[in-house]
Amino acid sequence: MPIRGQKKPSRYVSRKPDETGYIPYSDAENAIWHDLITRQVPMLPGRACKPWINAMNEMNFPMDRVPQLKDVSAVLMEHTGWSVAGVNALIPFTEFFELLANKRFPVATFIRSREDFDYIQEPDVFHEVFGHTPPLTDHRFAAFVEAYGKAGLEADPKDHVMLARLFWFTVEFGLVDTSEGLRAYGSGIMSSPSELVYAVESDVAERKPFDPVEALRTPYRIDILQPIYYVIDSFDHLFELAQSDLLGYIKEARRLGMHAPKFPPKEAA
C-alpha cells in the first residue's frame, strides 16, 4: 500500500463529481468494489480490533456499489466532525497535511482495475474509504490524525519523509494489543487480505511496542509484506500521542540516527 503525501505520475485518473457531488461509477467499477469488500469483510473477525469493526458498522458501506463521498462525509461529520475530500491519486505533502489539519481526509476517487485487483501501489477508493475512514469515527484516532496534519504543516520540509514513517507505522500499518490478542487497525492492513493475515498471525513478522521515536527511525518499503509492525495498547495511546510534541520526536530520532532496513533494496525496474 502506498504512503500518502507523495506526488508521482499515476496511470489512474480520479473521478470528478457532478454539480450535486455525485460520482458516476460504471457497473464494472461497482462490481470491483463489491468483489473487494465481500472478500475482505469475512476476514475481519479475530483479526481486526473491535473499535475498527464497530466503526465499520457505523459507516454501513454499500456492498453493491462504490460509496459516494458525500455519504461517507455525513457519517464522519456526525461522529467527529471529519469529512473526506476527493483528490488525485498521490498528492504533495503540503496538501496532505493541510487537509488532515482541517479534518478532511483525502480520498482518491478511482477504483483499481481487475489487473490490479490483489495489489495496487496507489491508494484507490477502496483503500481510502474502506481502509481509512472507519476509525475516523473514533475521537481518539481522529484527534491523532488531525494533530499529525498540524505537525506536518509546522515541520521543516526535510522532515516530511520522517513524518511519513510515523503515519506508516500507525495509520497505515498499526497493530493494537487487546484482551483478545493482537489485532489490526491500520488501513494498509485492513484493506489487504494477505497483509491482514500476515500482520496478525505470522510468526515471521517482528512486532514491537509502539514508540514514536523508534517508528521515526524505522525505514519501510511499500511493495512488500511489512517485516516490522508497531503495537499500541489502545486508541487511547494515539490520543495521548496527539497531545505530545511530534516535532520533538523527530529531533530525537535524527539525533539517534536511522535503523538499518530489515528488507532487501528494491530491484530496479
# chains A, B, ... in the order shown; residues from 1 in each chain; ligands from 1
>>> residues_around(residues="Ile37 (chain A)", least_positions_apart="3", cutoff="8 Å", atoms="only C-alpha atoms", output="number ranges by chain")
A: 33-34, 40-41, 63, 130
>>> closest_atom_pairs(of="region 86-137 of chain A", to="region 158-171 of chain A", cutoff="10 Å", atoms="only C-alpha atoms", output="JSON lines")
{"residue": "A:Phe93", "atom": "CA", "partner": "A:His160", "partner_atom": "CA", "distance": 7.1}
{"residue": "A:Thr94", "atom": "CA", "partner": "A:His160", "partner_atom": "CA", "distance": 9.0}
{"residue": "A:Phe97", "atom": "CA", "partner": "A:His160", "partner_atom": "CA", "distance": 9.7}
{"residue": "A:Gly131", "atom": "CA", "partner": "A:Val171", "partner_atom": "CA", "distance": 9.5}
{"residue": "A:His132", "atom": "CA", "partner": "A:Val171", "partner_atom": "CA", "distance": 7.8}
{"residue": "A:Pro135", "atom": "CA", "partner": "A:Val171", "partner_atom": "CA", "distance": 9.3}
>>> write_last_selection(atoms="C-alpha atoms", output="JSON list (two decimals), in the first residue's frame")
[["chain", "number", "residue", "atom", "x", "y", "z"],
["A", 93, "PHE", "CA", 2.93, 16.58, 1.40],
["A", 94, "THR", "CA", 1.74, 20.15, 1.99],
["A", 97, "PHE", "CA", -1.06, 17.93, 5.81],
["A", 131, "GLY", "CA", -9.34, 1.18, 4.96],
["A", 132, "HIS", "CA", -9.10, 4.72, 6.28],
["A", 135, "PRO", "CA", -11.55, 4.67, 12.62]]
>>> residues_around(residues="region 209-219 of chain A", least_positions_apart="6", cutoff="6 Å", atoms="only C-alpha atoms", output="list in words")
Met162, Arg165, Leu166, Tyr230, Val231, Ile232, Tyr249, Ala253, Met258, His259 and Pro261 of chain A
>>> residues_around(residues="Leu247 (chain A)", least_positions_apart="4", cutoff="7 Å", atoms="only C-alpha atoms", output="MDAnalysis selection string")
chainID A and resid 151 155 251
>>> closest_residue(among="A:Val75, A:Ala147, A:Leu136, A:Ile120", to="Tyr12 (chain A)", atoms="only C-alpha atoms")
A:Ile120
>>> atom_distance(atom1="CA of Arg11 (chain A)", atom2="CA of Phe173 (chain A)")
24.9 Å
>>> select_by_dssp(residues="region 24-171 of chain A", states="helix (DSSP H, G or I)", output="number ranges by chain")
A: 27-43, 50-59, 69-80, 93-101, 114-116, 125-132, 134-137, 139-154, 157-171
>>> select_by_dssp(residues="region 27-264 of chain A", states="strand (DSSP E)", output="PyMOL selection string")
chain A and resi 83-87+104-108+175-178+181-184+206-209+228-232
>>> closest_residue(among="A:Ala74, A:Ala184, A:Val176, A:Leu36", to="His127 (chain A)", atoms="only C-alpha atoms")
A:Leu36
>>> closest_residue(among="A:Val66, A:Leu246, A:Ala143, A:Met56", to="Trp82 (chain A)", atoms="only C-alpha atoms")
A:Ala143
>>> closest_residue(among="A:Val84, A:Ala28, A:Ala260, A:Ala101", to="Val145 (chain A)", atoms="only C-alpha atoms")
A:Ala101
>>> residues_around(residues="Pro193 (chain A)", least_positions_apart="6", cutoff="9 Å", atoms="only C-alpha atoms", output="number ranges by chain")
A: 39-40, 43, 118
>>> write_last_selection(atoms="N, CA, C and O atoms", output="PDB file, in the first residue's frame")
ATOM      1  N   ARG A  39     -14.914  -9.879  -0.218  1.00  0.00           N
ATOM      2  CA  ARG A  39     -13.758 -10.715   0.114  1.00  0.00           C
ATOM      3  C   ARG A  39     -13.183 -10.318   1.470  1.00  0.00           C
ATOM      4  O   ARG A  39     -12.773 -11.201   2.262  1.00  0.00           O
ATOM      5  N   GLN A  40     -13.133  -9.029   1.762  1.00  0.00           N
ATOM      6  CA  GLN A  40     -12.419  -8.555   2.943  1.00  0.00           C
ATOM      7  C   GLN A  40     -13.222  -8.675   4.233  1.00  0.00           C
ATOM      8  O   GLN A  40     -12.671  -9.035   5.281  1.00  0.00           O
ATOM      9  N   MET A  43     -12.983 -11.650   6.567  1.00  0.00           N
ATOM     10  CA  MET A  43     -11.668 -11.874   7.150  1.00  0.00           C
ATOM     11  C   MET A  43     -11.437 -11.062   8.419  1.00  0.00           C
ATOM     12  O   MET A  43     -10.444 -11.272   9.127  1.00  0.00           O
ATOM     13  N   ASP A 118      -5.578  -7.590  -6.699  1.00  0.00           N
ATOM     14  CA  ASP A 118      -4.990  -8.089  -5.454  1.00  0.00           C
ATOM     15  C   ASP A 118      -3.981  -7.136  -4.832  1.00  0.00           C
ATOM     16  O   ASP A 118      -3.739  -7.198  -3.628  1.00  0.00           O
TER      17      ASP A 118
END
>>> closest_residue(among="A:Gly86, A:Pro42, A:Gly186, A:Pro123", to="Phe235 (chain A)", atoms="only C-alpha atoms")
A:Gly186
>>> closest_residue(among="A:Ser187, A:Ser202, A:Ser14, A:Ser194", to="Trp52 (chain A)", atoms="only C-alpha atoms")
A:Ser187
